[in-house]
Amino acid sequence: MNRKIRVLGIAPYEALKNTMIRVANERSDVELTVEVGNIEAGAAIARKYENENFDAILSRGGTMLEVEKVTSKPVFDVPISHQDLLNVIRLVEHYKGKVAILAYQNIAKSAAALCGILHYHYDIFIIDSWRAAKEMVKEVKKQGYSLIIGDMVSTVQAEEEGIQSMLLISGTESVRQAFDTVVGICRHYAKVSEENTFFHAFMRSRENEALAMDENGNVVFSTFSAEKRSLLAACRNMIPTIRAGDSSVIYKKSSNGLLMVSGSKNRLMGATYFFFSVQKNNLTLSYLSGYKSIEIYNAEDLLHQGIDPHSFGENLSPDLRRQSLSISKSNAPVLITGEPGTEKEILAAHIYLNSAEVKNPYFIVNCAALTAKELENFLSSPNSPLYALLGTVHFKGVHRLSASLFNRLLMGLQGMSRMLRCRLILTYELHSPHAAMEDSALRINAVKRQIGCMEIPLLPLRECVDNIANLAVLHIHQQNRLRGSSIVGLEPESISLLEQYPWPQNLNQLRRVLNEAMLCASSMWISAKDIRRILSAENGPEAPVHRGTVNLNQSLAAIEYEAAMLVLAEENMNQVRTAKRLGISRTTLWRLLRKGPGK
């Protein structure tokens, strides 16, 4: 048989989708269509494609078990190899906290065997369904575990419970093995469903593109072009609203601007069907065109940029993470404050992705580029997103506004508070050269008072030293997934160096340092030598405590810490030479730096 095997890939997470695509592109005997959907969403994808001529479905874990229940096609599992398990088990070796592994029985047995060989003492919990995984996460949380290693359901549930998590990922070789199995077994095609050619020709002659779905969200008719197929998920998300009423309208971004998607329902032959029509929203486009300060995004755009809605605020404390998640579920205006590099804009995107407005557009107003004319139009035009659209408007970098524009923005938003149809998010950068420090408190209080914003203050990384090792481990795991690399951890002294550094550029700088260290790593471990060299190069004019003299107007502990940091910087982060200059042991130096100032 010479024809290609048509495979539908249903990946529980985005990185597995990318690996499937990469492996399929290496082969001449496979034609792959792949979408991301976990558990029930994966089953819905299988139902959606049930009438299309795929030879097999390739999925993984609990999603594969759910897909098997709803399709007549053969379903194959992407395995998790011993090497995949070894990579993640070795990576958490220096994690500080209790670690639990949640896995199906076959994976749990392999994990137990590896842990036994390597003398690792991780607790392993066996699950038999995705529902059991959710309950197990709640149970291990009660038992004090702070990091869960598991499949997609376990990691998503862990994030909802405020527990850090790491996903068990299938590597490239595991995916290659799965495709070998599919190609070796599958040698038949399902018949292609015939479409009504005349009716399709008639519908395609119309200006508006059309789509019809049944009660389960399956496509029964479509004239959507390839560009519009990205709207299928948005149309499915409209079904509950249409079912509760009679119609619904949302707005989505396309390469040509905003599209208006209208949905309605009707009963035919005793069944309910949902009909959708797509047309350009020309009024809004004419207003937004030419305005460099305004950008429009869909949820899909942010997801493609690598923003994971499930890794909500991984740099936040558990209490602040729970508060932020609660705020995201409301429609209250939000003010996010923090120093440079604390990822305020990423948290704003997370709030949007976890809100009820996720099906509507996400507008970003860049305050650094905002002119007086644009602001006035934005506040007064009847076609402004503030008046005409549901969605979320993020005023990015409010600290960059001049005093007059800042006051005009607050007065305008305060005056239209009862007419707003959108959700407001504002970000404000503390200690920015573009806004006087003494003005920040006054401006922040004005925003909270006049607009009624709830503030989410992001702490600088130097005040979260105990979390640096965990953040480093989670970032390395994420980069391993995205790059296909296999870094298994950091040397103990590397972690010590990261915890001693003041991080003037906060999380952005930490991630940049770790990325460079991963690229330079000559083994599966990030060495202290590489970290010391990279941090030494980072000691530029922005590092606040590495230059100048010691401030004597503070406690003795703070003076000792600052003096040690100055000498450490001069010695290029070499602890041996620093301890020798200070006349203390290396252990004493480590304890002094570990305590931090004033402790």
# chains A, B, ... in the order shown; residues from 1 in each chain; ligands from 1
$ residues_around --residues "Ser328 of chain A" --least-positions-apart "2" --cutoff "9 Å" --atoms "only C-alpha atoms" --output "PyMOL selection string"
chain A and resi 323-326+330-332+334+350-356
$ select_by_dssp --residues "segment 380-476 of chain A" --states "alpha helix (DSSP H)" --output "number ranges by chain"
A: 380, 385-388, 403-415, 437-451, 468-476
$ residues_around --residues "Ile89 of chain A" --least-positions-apart "6" --cutoff "9 Å" --atoms "only C-alpha atoms" --output "JSON list (two decimals) with N, CA and C atoms, in the first residue's frame"
[["chain", "number", "residue", "atom", "x", "y", "z"],
["A", 111, "ALA", "N", 8.15, 4.36, 37.07],
["A", 111, "ALA", "CA", 8.69, 5.42, 37.93],
["A", 111, "ALA", "C", 9.25, 4.82, 39.22],
["A", 114, "LEU", "N", 12.64, 3.14, 38.48],
["A", 114, "LEU", "CA", 13.71, 4.11, 38.30],
["A", 114, "LEU", "C", 14.13, 4.73, 39.63],
["A", 115, "CYS", "N", 13.12, 5.09, 40.44],
["A", 115, "CYS", "CA", 13.43, 5.69, 41.74],
["A", 115, "CYS", "C", 14.22, 4.71, 42.60],
["A", 120, "TYR", "N", 16.09, 7.45, 44.71],
["A", 120, "TYR", "CA", 15.26, 8.64, 44.95],
["A", 120, "TYR", "C", 14.03, 8.22, 45.74],
["A", 122, "TYR", "N", 10.71, 9.47, 46.11],
["A", 122, "TYR", "CA", 9.52, 10.23, 45.77],
["A", 122, "TYR", "C", 8.29, 9.36, 46.00],
["A", 149, "ILE", "N", 4.05, 15.79, 40.01],
["A", 149, "ILE", "CA", 4.47, 15.36, 38.67],
["A", 149, "ILE", "C", 3.39, 14.42, 38.16],
["A", 488, "VAL", "N", 18.73, 18.18, 33.21],
["A", 488, "VAL", "CA", 18.08, 17.49, 34.33],
["A", 488, "VAL", "C", 18.19, 18.27, 35.64]]
$ residues_around --residues "Cys422 of chain A" --least-positions-apart "4" --cutoff "12 Å" --atoms "only C-alpha atoms" --output "list in words"
Asn331, Ala332, Pro333, Tyr352, Ser355, Ala356, Glu357, Val358, Asn360, Pro361, Tyr362, Phe363, Ser384, Pro385, Leu386, Tyr387, Ala388, Leu389, Leu390, Gly391, Thr392, Val393, His394, Leu413, Met416, Ser417 and Arg418 of chain A
$ write_last_selection --atoms "C-alpha atoms" --output "PDB file, in the first residue's frame"
ATOM      1  CA  ASN A 331     -15.417  41.442  35.988  1.00  0.00           C
ATOM      2  CA  ALA A 332     -13.755  43.904  38.390  1.00  0.00           C
ATOM      3  CA  PRO A 333     -11.134  46.330  37.019  1.00  0.00           C
ATOM      4  CA  TYR A 352      -7.860  37.549  30.488  1.00  0.00           C
ATOM      5  CA  SER A 355     -11.905  35.161  32.673  1.00  0.00           C
ATOM      6  CA  ALA A 356     -15.396  34.900  31.222  1.00  0.00           C
ATOM      7  CA  GLU A 357     -14.300  37.391  28.532  1.00  0.00           C
ATOM      8  CA  VAL A 358     -11.809  34.952  26.973  1.00  0.00           C
ATOM      9  CA  ASN A 360     -14.018  38.170  23.209  1.00  0.00           C
ATOM     10  CA  PRO A 361     -11.131  40.350  21.923  1.00  0.00           C
ATOM     11  CA  TYR A 362      -8.184  41.425  24.076  1.00  0.00           C
ATOM     12  CA  PHE A 363      -7.203  45.037  23.342  1.00  0.00           C
ATOM     13  CA  SER A 384     -14.409  52.507  20.693  1.00  0.00           C
ATOM     14  CA  PRO A 385     -14.050  49.060  22.292  1.00  0.00           C
ATOM     15  CA  LEU A 386     -14.846  50.814  25.579  1.00  0.00           C
ATOM     16  CA  TYR A 387     -18.413  51.403  24.344  1.00  0.00           C
ATOM     17  CA  ALA A 388     -19.161  49.090  21.450  1.00  0.00           C
ATOM     18  CA  LEU A 389     -17.634  45.745  22.344  1.00  0.00           C
ATOM     19  CA  LEU A 390     -17.506  43.108  24.986  1.00  0.00           C
ATOM     20  CA  GLY A 391     -13.971  42.076  25.805  1.00  0.00           C
ATOM     21  CA  THR A 392     -10.937  43.173  27.807  1.00  0.00           C
ATOM     22  CA  VAL A 393      -8.984  46.417  27.459  1.00  0.00           C
ATOM     23  CA  HIS A 394      -5.471  46.421  28.920  1.00  0.00           C
ATOM     24  CA  LEU A 413     -12.887  56.020  32.684  1.00  0.00           C
ATOM     25  CA  MET A 416     -18.095  56.183  31.708  1.00  0.00           C
ATOM     26  CA  SER A 417     -17.944  53.519  34.437  1.00  0.00           C
ATOM     27  CA  ARG A 418     -21.656  52.699  34.160  1.00  0.00           C
TER      28      ARG A 418
END
$ residues_around --residues "Trp525 of chain A" --least-positions-apart "4" --cutoff "9 Å" --atoms "only C-alpha atoms" --output "list of chain:residue names"
A:Ile487, A:Val488, A:Gly489, A:Leu490, A:Glu491, A:Met518, A:Ala521
$ atom_distance --atom1 "atom CA of Tyr49 of chain A" --atom2 "atom CA of Gly171 of chain A"
26.1 Å
$ atom_distance --atom1 "atom CA of Pro457 of chain A" --atom2 "atom CA of Pro502 of chain A"
19.0 Å
$ select_by_dssp --residues "segment 126-281 of chain A" --states "strand (DSSP E or B)" --output "ChimeraX atom specification"
/A:126,147-150,164-167,209-213,219-222,247-254,257-268,271-280
$ write_last_selection --atoms "C-alpha atoms" --output "PDB file, in the first residue's frame"
ATOM      1  CA  ILE A 126      -1.536   5.300  41.233  1.00  0.00           C
ATOM      2  CA  LEU A 147       5.002  19.801  43.679  1.00  0.00           C
ATOM      3  CA  ILE A 148       3.031  17.278  41.643  1.00  0.00           C
ATOM      4  CA  ILE A 149       4.470  15.358  38.675  1.00  0.00           C
ATOM      5  CA  GLY A 150       1.734  13.883  36.503  1.00  0.00           C
ATOM      6  CA  GLN A 164       3.211  23.761  41.594  1.00  0.00           C
ATOM      7  CA  SER A 165       3.318  21.034  38.966  1.00  0.00           C
ATOM      8  CA  MET A 166       5.428  19.448  36.238  1.00  0.00           C
ATOM      9  CA  LEU A 167       3.950  17.617  33.264  1.00  0.00           C
ATOM     10  CA  GLU A 209     -19.366  32.549   5.299  1.00  0.00           C
ATOM     11  CA  ALA A 210     -21.643  30.050   7.067  1.00  0.00           C
ATOM     12  CA  LEU A 211     -21.363  27.152   9.503  1.00  0.00           C
ATOM     13  CA  ALA A 212     -23.865  24.759  11.074  1.00  0.00           C
ATOM     14  CA  MET A 213     -23.330  22.509  14.106  1.00  0.00           C
ATOM     15  CA  VAL A 219     -19.888  20.398  12.159  1.00  0.00           C
ATOM     16  CA  VAL A 220     -22.711  19.340   9.830  1.00  0.00           C
ATOM     17  CA  PHE A 221     -22.170  22.030   7.207  1.00  0.00           C
ATOM     18  CA  SER A 222     -19.477  24.632   6.516  1.00  0.00           C
ATOM     19  CA  SER A 247     -28.631  34.465  19.517  1.00  0.00           C
ATOM     20  CA  SER A 248     -25.126  35.616  20.339  1.00  0.00           C
ATOM     21  CA  VAL A 249     -22.460  37.862  18.777  1.00  0.00           C
ATOM     22  CA  ILE A 250     -18.701  37.872  19.391  1.00  0.00           C
ATOM     23  CA  TYR A 251     -15.764  39.654  17.751  1.00  0.00           C
ATOM     24  CA  LYS A 252     -12.561  37.952  16.640  1.00  0.00           C
ATOM     25  CA  LYS A 253      -9.320  39.185  15.108  1.00  0.00           C
ATOM     26  CA  SER A 254      -8.240  38.031  11.659  1.00  0.00           C
ATOM     27  CA  GLY A 257      -9.029  43.070  11.142  1.00  0.00           C
ATOM     28  CA  LEU A 258     -12.045  42.278  13.303  1.00  0.00           C
ATOM     29  CA  LEU A 259     -14.680  39.741  12.315  1.00  0.00           C
ATOM     30  CA  MET A 260     -18.187  39.641  13.733  1.00  0.00           C
ATOM     31  CA  VAL A 261     -19.460  36.112  14.385  1.00  0.00           C
ATOM     32  CA  SER A 262     -23.266  35.892  14.740  1.00  0.00           C
ATOM     33  CA  GLY A 263     -24.896  32.737  16.059  1.00  0.00           C
ATOM     34  CA  SER A 264     -28.511  31.562  16.269  1.00  0.00           C
ATOM     35  CA  LYS A 265     -30.447  28.297  16.699  1.00  0.00           C
ATOM     36  CA  ASN A 266     -33.315  26.519  14.949  1.00  0.00           C
ATOM     37  CA  ARG A 267     -35.044  23.145  15.066  1.00  0.00           C
ATOM     38  CA  LEU A 268     -35.058  20.918  11.995  1.00  0.00           C
ATOM     39  CA  ALA A 271     -33.305  18.292  16.390  1.00  0.00           C
ATOM     40  CA  THR A 272     -31.708  21.605  17.383  1.00  0.00           C
ATOM     41  CA  TYR A 273     -29.003  23.043  15.148  1.00  0.00           C
ATOM     42  CA  PHE A 274     -26.774  26.073  15.641  1.00  0.00           C
ATOM     43  CA  PHE A 275     -26.052  28.387  12.692  1.00  0.00           C
ATOM     44  CA  PHE A 276     -23.160  30.846  12.469  1.00  0.00           C
ATOM     45  CA  SER A 277     -22.393  33.662  10.061  1.00  0.00           C
ATOM     46  CA  VAL A 278     -19.098  35.568   9.753  1.00  0.00           C
ATOM     47  CA  GLN A 279     -18.739  39.085   8.399  1.00  0.00           C
ATOM     48  CA  LYS A 280     -16.283  41.968   8.728  1.00  0.00           C
TER      49      LYS A 280
END
$ closest_residue --among "A:Val99, A:Cys367, A:Ile495, A:Leu316" --to "Leu459 of chain A" --atoms "only C-alpha atoms"
A:Leu316
$ residues_around --residues "Arg176 of chain A" --least-positions-apart "6" --cutoff "9 Å" --atoms "only C-alpha atoms" --output "MDAnalysis selection string"
chainID A and resid 20 23:24 78
$ residues_around --residues "Pro12 of chain A" --least-positions-apart "2" --cutoff "8 Å" --atoms "only C-alpha atoms" --output "PyMOL selection string"
chain A and resi 10+14+16+36-39+42+59-60+63+152
$ atom_distance --atom1 "atom CA of Leu424 of chain A" --atom2 "atom CA of Leu335 of chain A"
8.6 Å
$ decode --residues "segment 341-389 of chain A" --atoms "N, CA and C atoms" --output "CSV table (one decimal), in the first residue's frame"
chain,number,residue,atom,x,y,z
A,341,GLY,N,10.4,43.8,34.9
A,341,GLY,CA,10.8,42.4,34.9
A,341,GLY,C,9.9,41.5,35.7
A,342,THR,N,8.9,42.0,36.4
A,342,THR,CA,8.0,41.2,37.2
A,342,THR,C,6.9,40.6,36.4
A,343,GLU,N,6.9,40.7,35.1
A,343,GLU,CA,6.0,40.1,34.2
A,343,GLU,C,4.5,40.5,34.4
A,344,LYS,N,4.3,41.8,34.6
A,344,LYS,CA,3.0,42.3,34.8
A,344,LYS,C,2.1,42.1,33.6
A,345,GLU,N,2.7,42.2,32.4
A,345,GLU,CA,1.9,42.0,31.2
A,345,GLU,C,1.4,40.6,31.0
A,346,ILE,N,2.3,39.6,31.4
A,346,ILE,CA,2.0,38.2,31.3
A,346,ILE,C,0.9,37.9,32.3
A,347,LEU,N,0.9,38.5,33.5
A,347,LEU,CA,-0.2,38.2,34.5
A,347,LEU,C,-1.5,38.8,33.9
A,348,ALA,N,-1.4,40.0,33.3
A,348,ALA,CA,-2.6,40.6,32.7
A,348,ALA,C,-3.2,39.6,31.6
A,349,ALA,N,-2.4,39.0,30.8
A,349,ALA,CA,-2.9,38.0,29.8
A,349,ALA,C,-3.5,36.8,30.5
A,350,HIS,N,-2.8,36.4,31.6
A,350,HIS,CA,-3.4,35.2,32.3
A,350,HIS,C,-4.8,35.5,32.9
A,351,ILE,N,-5.0,36.7,33.4
A,351,ILE,CA,-6.3,37.1,33.9
A,351,ILE,C,-7.3,37.1,32.8
A,352,TYR,N,-6.9,37.6,31.6
A,352,TYR,CA,-7.9,37.5,30.5
A,352,TYR,C,-8.2,36.1,30.1
A,353,LEU,N,-7.2,35.3,30.0
A,353,LEU,CA,-7.4,33.9,29.6
A,353,LEU,C,-8.2,33.1,30.6
A,354,ASN,N,-8.2,33.5,31.8
A,354,ASN,CA,-8.9,32.7,32.9
A,354,ASN,C,-10.3,33.4,33.2
A,355,SER,N,-10.7,34.4,32.4
A,355,SER,CA,-11.9,35.2,32.7
A,355,SER,C,-13.0,34.7,31.8
A,356,ALA,N,-14.2,35.2,32.1
A,356,ALA,CA,-15.4,34.9,31.2
A,356,ALA,C,-15.3,35.6,29.9
A,357,GLU,N,-14.4,36.6,29.8
A,357,GLU,CA,-14.3,37.4,28.5
A,357,GLU,C,-13.3,36.8,27.5
A,358,VAL,N,-12.8,35.5,27.8
A,358,VAL,CA,-11.8,35.0,27.0
A,358,VAL,C,-12.3,34.7,25.5
A,359,LYS,N,-13.6,34.6,25.3
A,359,LYS,CA,-14.1,34.4,24.0
A,359,LYS,C,-14.2,35.7,23.2
A,360,ASN,N,-14.0,36.9,23.8
A,360,ASN,CA,-14.0,38.2,23.2
A,360,ASN,C,-12.6,38.7,23.0
A,361,PRO,N,-12.5,39.8,22.2
A,361,PRO,CA,-11.1,40.4,21.9
A,361,PRO,C,-10.4,40.9,23.2
A,362,TYR,N,-9.1,40.9,23.0
A,362,TYR,CA,-8.2,41.4,24.1
A,362,TYR,C,-7.4,42.6,23.5
A,363,PHE,N,-7.8,43.8,23.9
A,363,PHE,CA,-7.2,45.0,23.3
A,363,PHE,C,-6.1,45.5,24.3
A,364,ILE,N,-4.9,45.8,23.7
A,364,ILE,CA,-3.8,46.3,24.5
A,364,ILE,C,-3.5,47.7,24.0
A,365,VAL,N,-3.7,48.7,24.9
A,365,VAL,CA,-3.4,50.1,24.6
A,365,VAL,C,-2.0,50.4,25.2
A,366,ASN,N,-1.1,50.6,24.3
A,366,ASN,CA,0.3,50.9,24.7
A,366,ASN,C,0.4,52.4,25.1
A,367,CYS,N,0.4,52.6,26.4
A,367,CYS,CA,0.4,54.0,26.9
A,367,CYS,C,1.7,54.8,26.5
A,368,ALA,N,2.8,54.1,26.2
A,368,ALA,CA,4.0,54.8,25.8
A,368,ALA,C,3.8,55.4,24.4
A,369,ALA,N,2.9,54.9,23.6
A,369,ALA,CA,2.7,55.4,22.3
A,369,ALA,C,1.4,56.2,22.1
A,370,LEU,N,0.7,56.3,23.2
A,370,LEU,CA,-0.7,56.9,23.2
A,370,LEU,C,-0.6,58.4,23.0
A,371,THR,N,-1.2,58.9,22.0
A,371,THR,CA,-1.2,60.4,21.8
A,371,THR,C,-2.5,61.0,22.4
A,372,ALA,N,-2.5,62.3,22.6
A,372,ALA,CA,-3.7,62.9,23.2
A,372,ALA,C,-4.9,62.7,22.3
A,373,LYS,N,-4.7,62.8,20.9
A,373,LYS,CA,-5.8,62.6,20.0
A,373,LYS,C,-6.4,61.2,20.1
A,374,GLU,N,-5.5,60.2,20.1
A,374,GLU,CA,-5.9,58.8,20.2
A,374,GLU,C,-6.7,58.5,21.5
A,375,LEU,N,-6.2,59.1,22.6
A,375,LEU,CA,-6.9,58.9,23.9
A,375,LEU,C,-8.2,59.5,23.9
A,376,GLU,N,-8.4,60.7,23.3
A,376,GLU,CA,-9.7,61.3,23.2
A,376,GLU,C,-10.6,60.5,22.4
A,377,ASN,N,-10.2,60.0,21.2
A,377,ASN,CA,-11.1,59.2,20.4
A,377,ASN,C,-11.4,57.9,21.1
A,378,PHE,N,-10.4,57.3,21.8
A,378,PHE,CA,-10.7,56.1,22.5
A,378,PHE,C,-11.8,56.2,23.6
A,379,LEU,N,-11.7,57.4,24.3
A,379,LEU,CA,-12.7,57.7,25.4
A,379,LEU,C,-14.0,58.2,24.9
A,380,SER,N,-14.1,58.7,23.6
A,380,SER,CA,-15.4,59.3,23.2
A,380,SER,C,-16.0,58.7,22.0
A,381,SER,N,-15.2,58.0,21.1
A,381,SER,CA,-15.8,57.5,19.9
A,381,SER,C,-16.8,56.5,20.2
A,382,PRO,N,-18.0,56.5,19.5
A,382,PRO,CA,-19.0,55.4,19.7
A,382,PRO,C,-18.6,54.1,19.2
A,383,ASN,N,-17.5,54.0,18.4
A,383,ASN,CA,-17.0,52.8,17.9
A,383,ASN,C,-15.8,52.2,18.8
A,384,SER,N,-15.5,53.0,19.8
A,384,SER,CA,-14.4,52.5,20.7
A,384,SER,C,-14.8,51.2,21.4
A,385,PRO,N,-13.8,50.3,21.5
A,385,PRO,CA,-14.0,49.1,22.3
A,385,PRO,C,-14.6,49.3,23.7
A,386,LEU,N,-14.3,50.5,24.2
A,386,LEU,CA,-14.8,50.8,25.6
A,386,LEU,C,-16.4,50.9,25.6
A,387,TYR,N,-17.0,51.3,24.4
A,387,TYR,CA,-18.4,51.4,24.3
A,387,TYR,C,-19.1,50.3,23.6
A,388,ALA,N,-18.4,49.9,22.4
A,388,ALA,CA,-19.2,49.1,21.4
A,388,ALA,C,-19.0,47.6,21.6
A,389,LEU,N,-18.0,47.2,22.4
A,389,LEU,CA,-17.6,45.7,22.3
A,389,LEU,C,-17.5,45.2,23.7
